[in-house]
Structures are given as C-alpha cells and as structure tokens.
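Undergrad: File model-v8.cif below, mmCIF, C-alpha atoms:
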```cif
data_structure
loop_
_atom_site.label_atom_id
_atom_site.label_comp_id
_atom_site.auth_asym_id
_atom_site.auth_seq_id
_atom_site.Cartn_x
_atom_site.Cartn_y
_atom_site.Cartn_z
CA MET A 18 137.89 130.84 -109.88
CA TYR A 19 138.34 129.01 -106.59
CA ASP A 20 135.31 129.42 -104.38
CA ARG A 21 136.25 128.90 -100.76
CA SER A 22 132.75 128.63 -99.35
CA LYS A 23 131.78 126.09 -102.02
CA ALA A 24 134.92 124.05 -101.40
CA ASN A 25 134.13 123.98 -97.71
CA SER A 26 130.55 122.89 -98.24
CA GLU A 27 131.79 120.09 -100.51
CA ARG A 28 134.30 118.92 -97.94
CA TYR A 29 132.07 119.00 -94.93
CA GLY A 30 128.50 118.91 -96.35
CA ARG A 31 125.89 119.36 -93.63
CA LEU A 32 128.58 119.11 -90.96
CA ARG A 33 129.57 122.72 -91.62
CA LEU A 34 126.27 123.81 -90.08
CA TRP A 35 127.36 122.13 -86.87
CA LEU A 36 130.83 123.62 -86.82
CA PRO A 37 129.86 126.89 -85.11
CA ALA A 38 128.10 124.82 -82.46
CA ALA A 39 131.25 122.73 -82.16
CA GLY A 40 133.17 125.97 -81.84
CA ALA A 41 130.88 127.01 -79.01
CA LEU A 42 131.46 123.66 -77.34
CA CYS A 43 135.24 124.02 -77.69
CA PHE A 44 134.99 127.48 -76.20
CA GLY A 45 133.09 125.99 -73.27
CA LEU A 46 135.70 123.25 -72.87
CA LEU A 47 138.42 125.91 -72.83
CA MET A 48 136.70 127.54 -69.91
CA ILE A 49 136.61 124.35 -67.86
CA ALA A 50 139.93 122.81 -68.95
CA GLY A 51 142.33 123.12 -66.06
CA CYS A 52 146.00 122.34 -65.84
CA GLU A 53 146.95 118.72 -65.93
CA ASP A 54 149.69 117.39 -63.73
CA ARG A 55 152.16 115.48 -65.86
CA GLN A 56 153.48 112.40 -64.14
CA PRO A 57 156.87 111.13 -65.31
CA GLU A 58 157.75 107.51 -64.74
CA SER A 59 160.83 108.30 -62.66
CA ALA A 60 161.08 105.70 -59.96
CA MET A 61 161.20 106.72 -56.33
CA PHE A 62 164.68 106.54 -54.92
CA GLU A 63 165.13 103.92 -52.24
CA GLY A 64 167.83 104.03 -49.64
CA GLY A 65 168.01 107.73 -48.79
CA SER A 66 166.22 109.92 -46.28
CA ALA A 67 164.68 112.98 -47.90
CA GLN A 68 164.31 114.66 -44.53
CA ARG A 69 167.99 114.21 -43.67
CA GLY A 70 168.81 115.27 -47.24
CA ALA A 71 167.04 118.61 -46.71
CA GLY A 72 169.21 119.21 -43.64
CA LEU A 73 172.38 118.34 -45.56
CA ILE A 74 171.38 120.71 -48.39
CA ARG A 75 171.25 123.54 -45.81
CA GLU A 76 174.49 122.40 -44.16
CA TYR A 77 176.48 122.25 -47.41
CA GLY A 78 175.04 125.56 -48.65
CA CYS A 79 173.73 124.22 -51.97
CA GLY A 80 171.28 127.14 -51.86
CA SER A 81 174.03 129.70 -52.35
CA CYS A 82 174.25 128.56 -55.98
CA HIS A 83 170.84 126.98 -56.65
CA ASN A 84 167.23 127.95 -56.14
CA ILE A 85 165.77 124.92 -54.30
CA PRO A 86 162.05 124.72 -53.51
CA GLY A 87 161.35 123.89 -49.86
CA ILE A 88 164.76 125.00 -48.57
CA ALA A 89 164.64 128.35 -46.78
CA GLY A 90 167.13 130.85 -48.19
CA ALA A 91 168.05 128.64 -51.16
CA THR A 92 167.77 131.35 -53.80
CA GLY A 93 171.17 131.15 -55.51
CA GLN A 94 171.47 132.17 -59.16
CA VAL A 95 174.84 130.66 -60.04
CA GLY A 96 173.52 127.39 -61.44
CA PRO A 97 170.07 126.39 -62.65
CA PRO A 98 166.99 126.26 -60.40
CA LEU A 99 166.31 122.75 -59.06
CA GLY A 100 162.50 122.90 -59.15
CA ARG A 101 161.21 119.77 -60.95
CA ILE A 102 164.76 118.35 -61.01
CA ALA A 103 163.31 114.82 -60.70
CA ARG A 104 161.80 115.26 -64.15
CA ARG A 105 164.94 116.70 -65.73
CA ALA A 106 166.37 114.46 -68.47
CA TYR A 107 170.02 115.51 -68.00
CA LEU A 108 172.21 116.76 -65.16
CA GLY A 109 174.80 119.44 -65.90
CA GLY A 110 173.61 119.20 -69.51
CA VAL A 111 175.56 115.96 -70.00
CA LEU A 112 174.56 113.14 -67.64
CA PRO A 113 171.33 111.12 -68.05
CA ASN A 114 169.36 111.83 -64.86
CA GLN A 115 168.59 108.75 -62.75
CA PRO A 116 168.84 108.60 -58.95
CA ALA A 117 172.08 106.60 -59.16
CA THR A 118 173.71 108.95 -61.67
CA MET A 119 172.68 111.94 -59.56
CA VAL A 120 174.60 110.42 -56.62
CA GLN A 121 177.64 110.11 -58.88
CA TRP A 122 177.19 113.71 -60.08
CA LEU A 123 176.93 115.14 -56.54
CA LEU A 124 180.02 113.26 -55.38
CA ASP A 125 182.22 114.62 -58.18
CA PRO A 126 180.66 116.71 -60.98
CA ARG A 127 184.00 117.32 -62.70
CA ALA A 128 184.65 113.60 -63.01
CA VAL A 129 181.65 113.59 -65.36
CA ALA A 130 181.95 117.06 -66.93
CA PRO A 131 185.51 118.38 -66.53
CA ASN A 132 184.56 121.98 -67.39
CA SER A 133 181.61 122.20 -65.03
CA ALA A 134 181.49 125.17 -62.68
CA MET A 135 180.00 122.90 -60.00
CA PRO A 136 182.57 121.79 -57.45
CA ALA A 137 182.76 118.57 -55.44
CA VAL A 138 181.81 119.71 -51.93
CA GLY A 139 183.19 116.69 -50.09
CA LEU A 140 180.02 114.63 -49.65
CA ASP A 141 180.24 110.97 -48.73
CA GLU A 142 178.00 108.52 -50.53
CA ALA A 143 175.41 108.21 -47.73
CA ASP A 144 175.02 112.01 -47.65
CA ALA A 145 174.69 112.13 -51.42
CA ARG A 146 171.97 109.46 -51.34
CA ASP A 147 169.98 111.46 -48.78
CA ILE A 148 170.29 114.64 -50.85
CA VAL A 149 169.16 112.74 -53.94
CA ALA A 150 166.19 111.40 -51.98
CA TYR A 151 165.18 115.01 -51.25
CA LEU A 152 165.82 116.30 -54.78
CA TYR A 153 163.74 113.45 -56.19
CA THR A 154 160.74 114.77 -54.27
CA LEU A 155 160.89 117.88 -56.52
CA LYS A 156 158.59 116.89 -59.38
CA MET B 114 110.75 142.64 -64.06
CA PRO B 115 112.67 141.62 -60.89
CA LEU B 116 116.10 139.99 -61.36
CA THR B 117 115.67 136.60 -59.72
CA PRO B 118 118.59 134.10 -59.50
CA ALA B 119 116.85 131.91 -62.09
CA ARG B 120 116.60 134.76 -64.58
CA LEU B 121 120.21 135.77 -63.93
CA ALA B 122 121.32 132.18 -64.60
CA ALA B 123 119.24 132.00 -67.78
CA ALA B 124 120.60 135.33 -69.04
CA THR B 125 124.17 134.21 -68.29
CA LEU B 126 123.66 130.96 -70.19
CA ILE B 127 122.15 132.76 -73.18
CA LEU B 128 125.03 135.27 -73.22
CA LEU B 129 127.61 132.47 -73.01
CA ALA B 130 125.92 130.51 -75.80
CA LEU B 131 125.77 133.66 -77.96
CA SER B 132 129.43 134.54 -77.41
CA GLY B 133 130.36 130.92 -78.19
CA LEU B 134 128.32 131.07 -81.38
CA ILE B 135 129.95 134.35 -82.41
CA ALA B 136 133.44 132.91 -81.70
CA GLY B 137 132.52 129.82 -83.74
CA VAL B 138 131.33 131.89 -86.71
CA LEU B 139 134.45 134.09 -86.58
CA ILE B 140 136.74 131.05 -86.58
CA VAL B 141 134.90 128.79 -89.01
CA PHE B 142 133.56 131.21 -91.64
CA VAL B 143 135.49 134.45 -91.23
CA GLY B 144 138.85 132.70 -90.73
CA VAL B 145 140.14 134.87 -87.89
CA TYR B 146 142.21 132.02 -86.42
CA ASN B 147 145.64 132.18 -88.05
CA VAL B 148 146.86 128.75 -89.21
CA SER B 149 150.34 130.06 -90.11
CA ALA B 150 153.02 127.71 -88.78
CA LEU B 151 155.15 130.76 -88.01
CA ARG B 152 152.70 131.66 -85.25
CA GLN B 153 152.28 129.41 -82.23
CA HIS B 154 148.73 128.65 -81.09
CA THR B 155 147.27 130.97 -78.49
CA ALA B 156 148.05 129.70 -74.99
CA PRO B 157 144.48 128.43 -74.25
CA MET B 158 144.27 126.70 -77.65
CA TYR B 159 147.70 125.12 -77.12
CA ALA B 160 146.62 123.86 -73.70
CA LEU B 161 143.36 122.47 -75.09
CA ILE B 162 145.13 120.57 -77.88
CA ASP B 163 148.06 119.40 -75.72
CA ILE B 164 145.87 118.12 -72.89
CA SER B 165 143.47 116.41 -75.31
CA LEU B 166 146.40 114.79 -77.12
CA ARG B 167 147.91 113.41 -73.92
CA SER B 168 144.56 112.12 -72.69
CA SER B 169 143.82 110.50 -76.02
CA ILE B 170 147.16 108.66 -76.18
CA SER B 171 146.81 107.42 -72.58
CA ARG B 172 143.28 106.18 -73.26
CA HIS B 173 143.78 104.53 -76.62
CA ALA B 174 147.10 102.88 -75.77
CA ARG B 175 145.93 101.46 -72.43
CA HIS B 176 145.54 97.89 -73.68
CA VAL B 177 148.77 97.71 -75.70
CA GLU B 178 150.95 95.01 -74.14
CA ALA B 179 154.70 95.28 -74.65
CA PRO B 180 156.65 92.13 -75.49
CA ASP B 181 160.02 91.39 -73.84
CA LEU B 182 161.98 94.34 -75.23
CA SER B 183 165.35 93.00 -74.05
CA SER B 184 165.12 90.21 -76.63
CA LEU B 185 165.06 92.76 -79.48
CA GLU B 186 168.16 94.00 -81.30
CA TRP B 187 167.88 97.61 -80.19
CA ARG B 188 171.66 98.23 -80.26
CA SER B 189 172.03 97.52 -83.96
CA GLU B 190 168.66 97.33 -85.70
CA GLY B 191 166.89 99.74 -83.31
CA VAL B 192 169.58 102.43 -83.69
CA ARG B 193 169.54 101.95 -87.47
CA LEU B 194 165.73 102.06 -87.83
CA TYR B 195 165.54 105.09 -85.54
CA ALA B 196 168.22 106.91 -87.56
CA GLU B 197 166.42 106.07 -90.79
CA HIS B 198 162.84 106.94 -89.82
CA CYS B 199 162.74 109.07 -86.65
CA LEU B 200 165.98 111.03 -86.11
CA LYS B 201 165.22 113.79 -88.62
CA CYS B 202 162.28 115.01 -86.52
CA HIS B 203 162.99 113.82 -82.96
CA GLY B 204 166.80 114.15 -82.68
CA ALA B 205 169.03 112.16 -80.34
CA PRO B 206 171.41 113.03 -77.47
CA GLY B 207 173.59 115.90 -78.77
CA THR B 208 172.26 115.37 -82.31
CA SER B 209 170.04 117.99 -83.91
CA PRO B 210 166.92 117.00 -85.83
CA ALA B 211 166.87 118.16 -89.47
CA SER B 212 166.21 121.89 -89.78
CA PHE B 213 162.80 121.39 -91.47
CA SER B 214 161.46 119.81 -88.28
CA PHE B 215 162.02 123.06 -86.34
CA SER B 216 159.68 124.70 -88.85
CA MET B 217 156.79 122.42 -87.89
CA THR B 218 153.94 123.52 -85.64
CA PRO B 219 153.54 121.53 -83.45
CA VAL B 220 157.29 120.98 -83.23
CA PRO B 221 158.10 117.25 -82.82
CA ALA B 222 158.82 116.13 -79.24
CA ALA B 223 162.41 115.59 -78.11
CA ILE B 224 162.74 111.82 -78.02
CA VAL B 225 164.17 111.72 -74.50
CA GLU B 226 161.13 113.60 -73.14
CA ALA B 227 158.75 111.19 -74.90
CA ALA B 228 160.73 108.23 -73.55
CA ARG B 229 160.62 109.55 -69.97
CA GLU B 230 156.91 110.38 -70.08
CA ARG B 231 155.45 107.50 -72.06
CA SER B 232 155.24 103.75 -71.46
CA ALA B 233 156.54 101.31 -74.07
CA GLY B 234 152.94 100.50 -75.06
CA GLU B 235 152.13 104.19 -75.56
CA LEU B 236 155.25 104.71 -77.66
CA PHE B 237 154.28 101.72 -79.82
CA TRP B 238 150.74 103.07 -80.24
CA VAL B 239 151.92 106.55 -81.28
CA ILE B 240 154.41 105.15 -83.82
CA GLU B 241 151.90 102.66 -85.24
CA GLN B 242 148.91 105.00 -85.35
CA GLY B 243 150.50 108.42 -85.87
CA ILE B 244 148.84 111.62 -84.64
CA LYS B 245 146.42 113.43 -86.88
CA MET B 246 146.78 117.19 -87.44
CA SER B 247 150.46 116.94 -86.51
CA GLY B 248 153.48 115.85 -88.55
CA MET B 249 153.54 112.38 -86.96
CA PRO B 250 152.78 109.74 -89.61
CA ALA B 251 151.21 106.34 -88.92
CA TRP B 252 153.83 103.65 -89.54
CA LYS B 253 151.45 100.67 -89.42
CA TYR B 254 151.63 99.99 -93.17
CA ARG B 255 155.29 101.00 -93.48
CA LEU B 256 157.01 99.01 -90.72
CA SER B 257 156.37 95.57 -89.24
CA ASP B 258 155.24 95.23 -85.61
CA ARG B 259 158.62 93.75 -84.80
CA GLU B 260 160.42 96.74 -86.34
CA ILE B 261 158.23 99.18 -84.39
CA TRP B 262 158.89 97.32 -81.12
CA THR B 263 162.63 97.34 -81.90
CA ILE B 264 162.46 101.14 -82.30
CA VAL B 265 160.53 101.34 -79.01
CA ALA B 266 163.22 99.20 -77.33
CA PHE B 267 165.85 101.72 -78.46
CA ILE B 268 163.76 104.75 -77.41
CA GLU B 269 163.34 103.19 -73.96
CA GLN B 270 167.16 103.24 -73.64
CA VAL B 271 167.57 106.90 -74.68
CA PRO B 272 167.07 108.35 -71.15
CA HIS B 273 170.11 106.30 -70.08
CA LEU B 274 172.39 107.42 -72.93
CA SER B 275 174.90 110.26 -72.77
CA VAL B 276 176.08 111.96 -75.97
CA VAL B 277 179.20 109.78 -75.91
CA ASP B 278 177.15 106.59 -75.42
CA TYR B 279 174.92 107.49 -78.36
CA ARG B 280 177.86 108.24 -80.67
CA ARG B 281 179.41 104.89 -79.78
CA LEU B 282 176.16 103.11 -80.67
CA VAL B 283 176.00 104.94 -84.00
CA VAL B 284 179.55 103.86 -84.85
CA ALA B 285 178.92 100.27 -83.69
CA ALA B 286 175.78 100.09 -85.85
CA GLY B 287 177.94 101.05 -88.86
CA LEU B 288 176.08 104.33 -89.45
CA PRO B 289 177.68 107.62 -90.53
CA GLN B 290 178.09 110.18 -87.75
CA PRO B 291 175.30 112.77 -87.97
CA THR B 292 176.32 116.16 -89.37
CA PRO B 293 177.45 118.14 -86.35
CA ARG B 294 176.09 121.46 -87.60
CA PRO B 295 173.13 122.03 -89.91
CA ARG B 296 173.32 124.76 -92.54
CA VAL B 297 173.42 128.27 -91.13
CA LEU B 298 171.80 131.09 -93.09
CA GLY B 299 173.21 134.62 -92.87
CA ALA B 300 176.18 134.03 -90.57
CA LYS B 301 177.05 137.42 -89.05
CA ALA B 302 174.84 139.61 -86.90
CA THR B 303 174.23 143.01 -88.47
CA VAL B 304 171.17 144.18 -86.53
CA ALA B 305 170.92 144.80 -82.77
CA GLY B 306 169.07 142.10 -80.80
CA SER B 307 165.31 142.48 -80.48
CA ALA B 308 163.50 140.61 -77.70
CA GLU B 309 160.33 140.62 -79.78
CA LYS B 310 162.06 139.00 -82.76
CA GLY B 311 163.81 136.59 -80.40
CA HIS B 312 160.45 135.50 -79.01
CA ARG B 313 159.41 134.51 -82.55
CA VAL B 314 162.75 132.87 -83.43
CA ILE B 315 162.49 130.68 -80.30
CA GLN B 316 159.40 129.04 -81.81
CA GLN B 317 161.32 128.26 -85.01
CA TYR B 318 164.19 126.30 -83.44
CA GLY B 319 162.35 123.80 -81.26
CA CYS B 320 163.69 125.38 -78.04
CA ILE B 321 160.30 124.58 -76.47
CA SER B 322 160.71 120.82 -76.88
CA CYS B 323 163.54 120.84 -74.29
CA HIS B 324 163.21 123.95 -72.08
CA THR B 325 160.62 125.62 -69.91
CA ILE B 326 160.69 129.29 -70.98
CA PRO B 327 158.50 131.89 -69.25
CA GLY B 328 156.30 133.80 -71.68
CA VAL B 329 156.70 131.26 -74.49
CA THR B 330 153.61 129.17 -75.31
CA GLY B 331 154.23 125.43 -75.25
CA ALA B 332 157.60 125.72 -73.48
CA ILE B 333 157.01 123.35 -70.55
CA ALA B 334 159.66 120.67 -71.12
CA ASP B 335 162.25 119.34 -68.66
CA VAL B 336 164.99 117.97 -70.91
CA GLY B 337 167.33 120.85 -70.08
CA PRO B 338 167.01 123.38 -67.25
CA SER B 339 164.22 125.90 -66.99
CA LEU B 340 165.22 129.25 -68.45
CA ALA B 341 163.23 131.13 -65.81
CA GLY B 342 165.66 133.67 -64.33
CA ILE B 343 168.33 132.87 -66.95
CA ALA B 344 169.23 136.57 -67.22
CA SER B 345 170.31 136.56 -63.56
CA ARG B 346 172.21 133.28 -63.75
CA THR B 347 176.01 133.37 -63.31
CA PHE B 348 176.83 130.54 -65.72
CA ILE B 349 175.44 129.29 -69.03
CA ALA B 350 175.25 125.47 -69.18
CA GLY B 351 177.30 125.35 -65.98
CA LEU B 352 180.48 126.37 -67.77
CA LEU B 353 180.40 129.75 -69.57
CA PRO B 354 180.19 133.08 -67.72
CA ASN B 355 176.76 134.44 -68.60
CA THR B 356 177.58 137.43 -70.81
CA ARG B 357 175.62 138.51 -73.87
CA ASP B 358 178.42 137.47 -76.23
CA ASN B 359 178.81 134.06 -74.57
CA MET B 360 175.07 133.47 -74.80
CA ILE B 361 175.17 134.22 -78.53
CA ARG B 362 178.19 131.89 -79.00
CA TRP B 363 176.47 129.15 -77.01
CA LEU B 364 173.15 129.35 -78.90
CA HIS B 365 174.98 129.45 -82.22
CA ASP B 366 177.17 126.40 -81.62
CA PRO B 367 176.93 124.59 -78.26
CA GLN B 368 178.62 121.47 -79.67
CA GLY B 369 181.63 123.55 -80.73
CA ILE B 370 181.98 124.74 -77.11
CA ASP B 371 181.15 121.49 -75.31
CA PRO B 372 180.94 118.31 -77.45
CA GLN B 373 179.62 116.43 -74.38
CA SER B 374 176.56 118.66 -74.08
CA THR B 375 173.19 117.14 -74.92
CA MET B 376 172.22 120.49 -76.45
CA PRO B 377 172.67 120.17 -80.21
CA SER B 378 173.99 122.80 -82.61
CA GLN B 379 170.86 123.59 -84.57
CA GLY B 380 172.02 125.97 -87.27
CA ILE B 381 170.98 129.12 -85.39
CA SER B 382 172.75 132.04 -87.07
CA GLU B 383 174.56 134.67 -85.00
CA GLN B 384 171.87 137.18 -85.95
CA GLU B 385 169.09 134.87 -84.76
CA ALA B 386 171.07 134.03 -81.62
CA THR B 387 171.40 137.78 -80.97
CA HIS B 388 167.61 138.11 -81.02
CA ILE B 389 167.08 135.02 -78.82
CA ALA B 390 169.68 136.35 -76.36
CA ALA B 391 167.77 139.65 -76.25
CA TYR B 392 164.60 137.79 -75.27
CA LEU B 393 166.40 135.65 -72.67
CA ALA B 394 167.90 138.84 -71.21
CA THR B 395 164.37 139.87 -70.21
CA LEU B 396 163.99 136.73 -68.04
CA THR B 397 165.39 138.04 -64.78
CA ALA B 398 165.02 136.18 -61.49
CA ASP B 399 162.41 138.60 -60.17
CA ARG B 400 160.19 138.34 -63.23
#
```
Show how you would write the structure in this file as structure tokens.
TA:
Amino acid sequence: MYDRSKANSERYGRLRLWLPAAGALCFGLLMIAGCEDRQPESAMFEGGSAQRGAGLIREYGCGSCHNIPGIAGATGQVGPPLGRIARRAYLGGVLPNQPATMVQWLLDPRAVAPNSAMPAVGLDEADARDIVAYLYTLK
Amino acid sequence: MPLTPARLAAATLILLALSGLIAGVLIVFVGVYNVSALRQHTAPMYALIDISLRSSISRHARHVEAPDLSSLEWRSEGVRLYAEHCLKCHGAPGTSPASFSFSMTPVPAAIVEAARERSAGELFWVIEQGIKMSGMPAWKYRLSDREIWTIVAFIEQVPHLSVVDYRRLVVAAGLPQPTPRPRVLGAKATVAGSAEKGHRVIQQYGCISCHTIPGVTGAIADVGPSLAGIASRTFIAGLLPNTRDNMIRWLHDPQGIDPQSTMPSQGISEQEATHIAAYLATLTADR
C-alpha cells in the first residue's frame, strides 16, 4: 500500500523538517508583500499636450459615454472605462493600441471597425493628438 | 507581571511564529491547501506567486542581450515556429489557444500581454529556461538559440498585429488557418444561470489572461477592457446592446458575431455562457 508520509520523507529527506519553518517564512512574506506596480513598455507619446487634451475631453463630452479618471463628471457607462487605457492591448476590441493608432481611432472609429457604436465626433488631428497625450497618462 | 513594551513585542513575535508554524504544519503534513487545478489559488497565495515570478524573470534575464531582431525571418519562420510550439497555449490575435490550455492553473499568459510587458531578452529567457511549477517548458534542448530569437522577433510584432494582419501572415507562411471554433460540449442551456457557477467557469476559460474582472483572483490583465461595471454598460464589445441574451451569444461565439474582434471563440457552451453572464450581471457600476 502506498504510504504518503514515507514517500514524502524519501523525496525530501531531512528537508521535510524545514518545510513547516519555510511555511512560516512564506506566511511572514505574505504579510509584508505589497502590491507591485506593473510597468508596461508603452512609449510616451510625443507631440500632444495632455493638459489641452483634458480640456478637449470635457469639451467633446467623451465622459458621457466613458468613465475617465481625472475628468470631472466623466462617468458614462455606454462604452468601456478608460482607466489604464495606456496599457490596453487593443482599442475597440480590434485595433492594436499604440499612440498613433489611437489617433486614427479617435478621428474615425468606424473606418477601423464599421459596426462600432463609437461615432466620429469631428476632431481634427491636432485635437486627437492632445487627447491621446492625456489618455496615455492613464496607466 | 507588568506588561512592558518589550514583553508585548516578545509575546507578539512568539504568537506570530506559532501561528506560522501551525499554518506550515497544516499545509505540509495535513494537506489543507487544495492543489486541484479547478480551484484558483487564494488571492494572497496568487499574489505571492505572481509577484515572485515577475521579480525572478526580471532579475535572471537582466543580462540577456538581444541580437538585431529585424534580421530574423519572423514573418515566415517565426510565424511557423510560433504556430508549431506556442500557439496551443498562448493563442494569437483572434485565435483561441487549444482548449486544454484553459484547464491549466496557472493559465498561460495571452501572448500580446507578455509581449507588451516583457523585453525581448526576458521573452528569450522565459522560452529558453521555462518556468517551474507552471506548464511552461524549457526549450533550451529542443530549439536552437536562433529559432528562439526568431520566435521572440515574431512575439515582439504581435502588439502591432490586428486579427486581419495575423491571418494574412498565417496564409503567407503557408500554414492552415486555425480552427475558428474549438469543440463545444453540451450546446444548449437547460439550467438557469448561476453567478456562483459562472465564477468557477470563468477560471476554466482563461478569461483572466485578457480581462480585469472584479472578484476574480488573478484577473488583472489589460488585453481587453476591464469588466468592472460591465452589468451597467450599454454596449458589449462596442457593438451589441448589452442584454442577457446578447451577452450569452457573444461569450459563446464572438468570432461569429465580429470576425475582426481580437476576442477568440473559445468553445464556451451556451450553458456555460449563461453562468458566466449571471456572474457578470453582478458587476454593476456601483459595486
């Protein structure tokens, strides 16, 4: 018959005596382990003003559809929340997310994803770059 | 005997050491920690392992120097090697991993997330060395350095590839198109959705490798949108009105609804989708 305790002592020998101590140590580590901030490699976006972008986000009413951290009243529930959008791999579920592709997406979402519920709101490219500069601060 | 600060500190330390010892004995000898792959780790254990894993990779891969990746044939050989050795567990844009990989705990990382988080040197190190106590094998004695770097060169391109781009590469590399839909067990829903069952099913379809999902251990990824507040959202995936039936249809076969979507059809049955939808329905905006 298979003897579990014997099998364990054969596998780990004297080490098994130290395992409870190791368990205690792990328990201690658990107590001190905090949350780690994960840093993606996404490059900072040059050529846009995040501050101006925040103003444009208010002006164009992006917050009526999206929850956007740092923008007062931006608590919309139509589309996804934009917290940590700089880390997001895809925009609208289809477009690889880079600063340049985000500009393209904001200018005309339906040119990329014809069935998207997100409309083109009539941004020009300079405005879109500023908005992207702001959204890329959301990590 | 007066309670001085020194005595209080000593008593606290002794109590902590004792409780640690008891926890150790319960785990090591009594076997109270459940190793079933159907159960996710407890949240503190998951955090401990996940943080240690990330730190270990960063530390051990810090001296790996990447060669000039642009000189490698990632379009042909990289796509082929990836499809042969990696795709079954890590998927590709719009392409589901094989269903067995969803059954693994830890569930393999979505390749786009790994590519966005890790440097080329770190990717090389993980492929070459593997990760013990996970399903990731060491490829050092199975692939040449050049082959591993060619795979890394392809993985580095994944964050720039749409579903359409990836399918074009697959065709150009002369590979068969991946099966659009894995096998689905028990097609029709016969039982009403249960949020509790849905919570368990979520861990068996790799949802956590792409989405942040409140209340689900390990679900902290940013491939797709966070599902926080999904119950209050107007649209699913930016295109379907968010009704219960649409959510079930979407979970069951996203590629059938939107072939451009990076979300793969994973073989989730309608019954399982009904349970997942029941859990997602609890995630209101005010929660």
Undergrad: One decimal, in Å: what's the spacing between atom CA of B:Ser307 and atom CA of B:Thr387?
TA: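 Computing the Euclidean distance for atom CA of B:Ser307 and atom CA of B:Thr387 yields 7.7 Å.
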Undergrad: Rounded to one decimal in Å, what is the spacing between atom CA of B:Gly380 and atom CA of B:Pro219?
TA: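 Distance between the two atoms: 19.4 Å.
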Undergrad: Taking (164.2, 120.6, -90.3) in the coordinates of the supplied file, I want to know which residues reach to within 12 Å of it, counting only C-alpha atoms; could you give the answer as a list of chain:residue names?
TA: B:Leu200, B:Lys201, B:Cys202, B:His203, B:Gly204, B:Ser209, B:Pro210, B:Ala211, B:Ser212, B:Phe213, B:Ser214, B:Phe215, B:Ser216, B:Met217, B:Thr218, B:Val220, B:Pro221, B:Gly248, B:Pro295, B:Arg296, B:Gln317, B:Tyr318, B:Gly319, B:Gln379, B:Gly380, B:Ile381
Undergrad: I need the output of the PyMOL selection byres ((chain B) within 7 of (chain A)) for this file as a compact mmCIF listing (two decimals) with C-alpha atoms, in the coordinates of the input; which residues are they?
TA:
```
# COMPACT_ATOMS: atom_id res chain seq x y z
CA ALA B 130 125.92 130.51 -75.80
CA GLY B 133 130.36 130.92 -78.19
CA LEU B 134 128.32 131.07 -81.38
CA ALA B 136 133.44 132.91 -81.70
CA GLY B 137 132.52 129.82 -83.74
CA VAL B 138 131.33 131.89 -86.71
CA VAL B 141 134.90 128.79 -89.01
CA PRO B 157 144.48 128.43 -74.25
CA LEU B 161 143.36 122.47 -75.09
CA VAL B 225 164.17 111.72 -74.50
CA ARG B 229 160.62 109.55 -69.97
CA GLU B 230 156.91 110.38 -70.08
CA PRO B 272 167.07 108.35 -71.15
CA HIS B 273 170.11 106.30 -70.08
CA LEU B 274 172.39 107.42 -72.93
CA SER B 275 174.90 110.26 -72.77
CA ASP B 335 162.25 119.34 -68.66
CA VAL B 336 164.99 117.97 -70.91
CA GLY B 337 167.33 120.85 -70.08
CA PRO B 338 167.01 123.38 -67.25
CA SER B 345 170.31 136.56 -63.56
CA ARG B 346 172.21 133.28 -63.75
CA THR B 347 176.01 133.37 -63.31
CA PHE B 348 176.83 130.54 -65.72
CA ALA B 350 175.25 125.47 -69.18
CA GLY B 351 177.30 125.35 -65.98
CA LEU B 352 180.48 126.37 -67.77
CA GLN B 373 179.62 116.43 -74.38
CA SER B 374 176.56 118.66 -74.08
CA THR B 375 173.19 117.14 -74.92
```
Undergrad: Between atom CA of A:Asp141 and atom CA of A:Lys156, what is the spacing in Å?
TA: 24.8 Å
Undergrad: Need to verify the contact set: A:Gly72, 10 Å, only C-alpha atoms, exclusion of same-chain residues closer than 6 positions in sequence. Can you return it as a ChimeraX atom specification?
TA: /A:78,88,147-148,151
Undergrad: Expanded to explicit residues, what is the PyMOL selection byres ((chain B and resi 186) around 12) for this file, as a PDB file with C-alpha atoms, in the frame of the given file?
TA:
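Final file, selection17.pdb:
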```
ATOM      1  CA  ASP B 181     160.020  91.390 -73.840  1.00  0.00           C
ATOM      2  CA  LEU B 182     161.980  94.340 -75.230  1.00  0.00           C
ATOM      3  CA  SER B 183     165.350  93.000 -74.050  1.00  0.00           C
ATOM      4  CA  SER B 184     165.120  90.210 -76.630  1.00  0.00           C
ATOM      5  CA  LEU B 185     165.060  92.760 -79.480  1.00  0.00           C
ATOM      6  CA  TRP B 187     167.880  97.610 -80.190  1.00  0.00           C
ATOM      7  CA  ARG B 188     171.660  98.230 -80.260  1.00  0.00           C
ATOM      8  CA  SER B 189     172.030  97.520 -83.960  1.00  0.00           C
ATOM      9  CA  GLU B 190     168.660  97.330 -85.700  1.00  0.00           C
ATOM     10  CA  GLY B 191     166.890  99.740 -83.310  1.00  0.00           C
ATOM     11  CA  VAL B 192     169.580 102.430 -83.690  1.00  0.00           C
ATOM     12  CA  ARG B 193     169.540 101.950 -87.470  1.00  0.00           C
ATOM     13  CA  LEU B 194     165.730 102.060 -87.830  1.00  0.00           C
ATOM     14  CA  ARG B 259     158.620  93.750 -84.800  1.00  0.00           C
ATOM     15  CA  GLU B 260     160.420  96.740 -86.340  1.00  0.00           C
ATOM     16  CA  ILE B 261     158.230  99.180 -84.390  1.00  0.00           C
ATOM     17  CA  TRP B 262     158.890  97.320 -81.120  1.00  0.00           C
ATOM     18  CA  THR B 263     162.630  97.340 -81.900  1.00  0.00           C
ATOM     19  CA  ILE B 264     162.460 101.140 -82.300  1.00  0.00           C
ATOM     20  CA  VAL B 265     160.530 101.340 -79.010  1.00  0.00           C
ATOM     21  CA  ALA B 266     163.220  99.200 -77.330  1.00  0.00           C
ATOM     22  CA  PHE B 267     165.850 101.720 -78.460  1.00  0.00           C
ATOM     23  CA  ALA B 286     175.780 100.090 -85.850  1.00  0.00           C
TER      24      ALA B 286
END
```
Undergrad: Tell me which of B:Pro180, B:Pro372, B:Gly342, B:Gly331 sits closest to B:Val277, counting all atoms listed in the file.
TA: B:Pro372
Undergrad: Selected by the PyMOL selection byres ((chain B and resi 339) around 6) in the shown coordinates: which residues, as a list in words?
TA: His324, Thr325, Pro338, Leu340 and Ala341 of chain B
Undergrad: Quick one: residues within 12 Å of A:Ser66, all atoms listed in the file, excluding same-chain residues fewer than 6 positions away - as a list in words?
TA: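 Once the adjacent positions are removed, what remains is Gly72, Leu73, Ala143, Asp144, Ala145, Arg146, Asp147, Ile148, Val149, Ala150, Tyr151, Leu152, Tyr153 and Thr154 of chain A.
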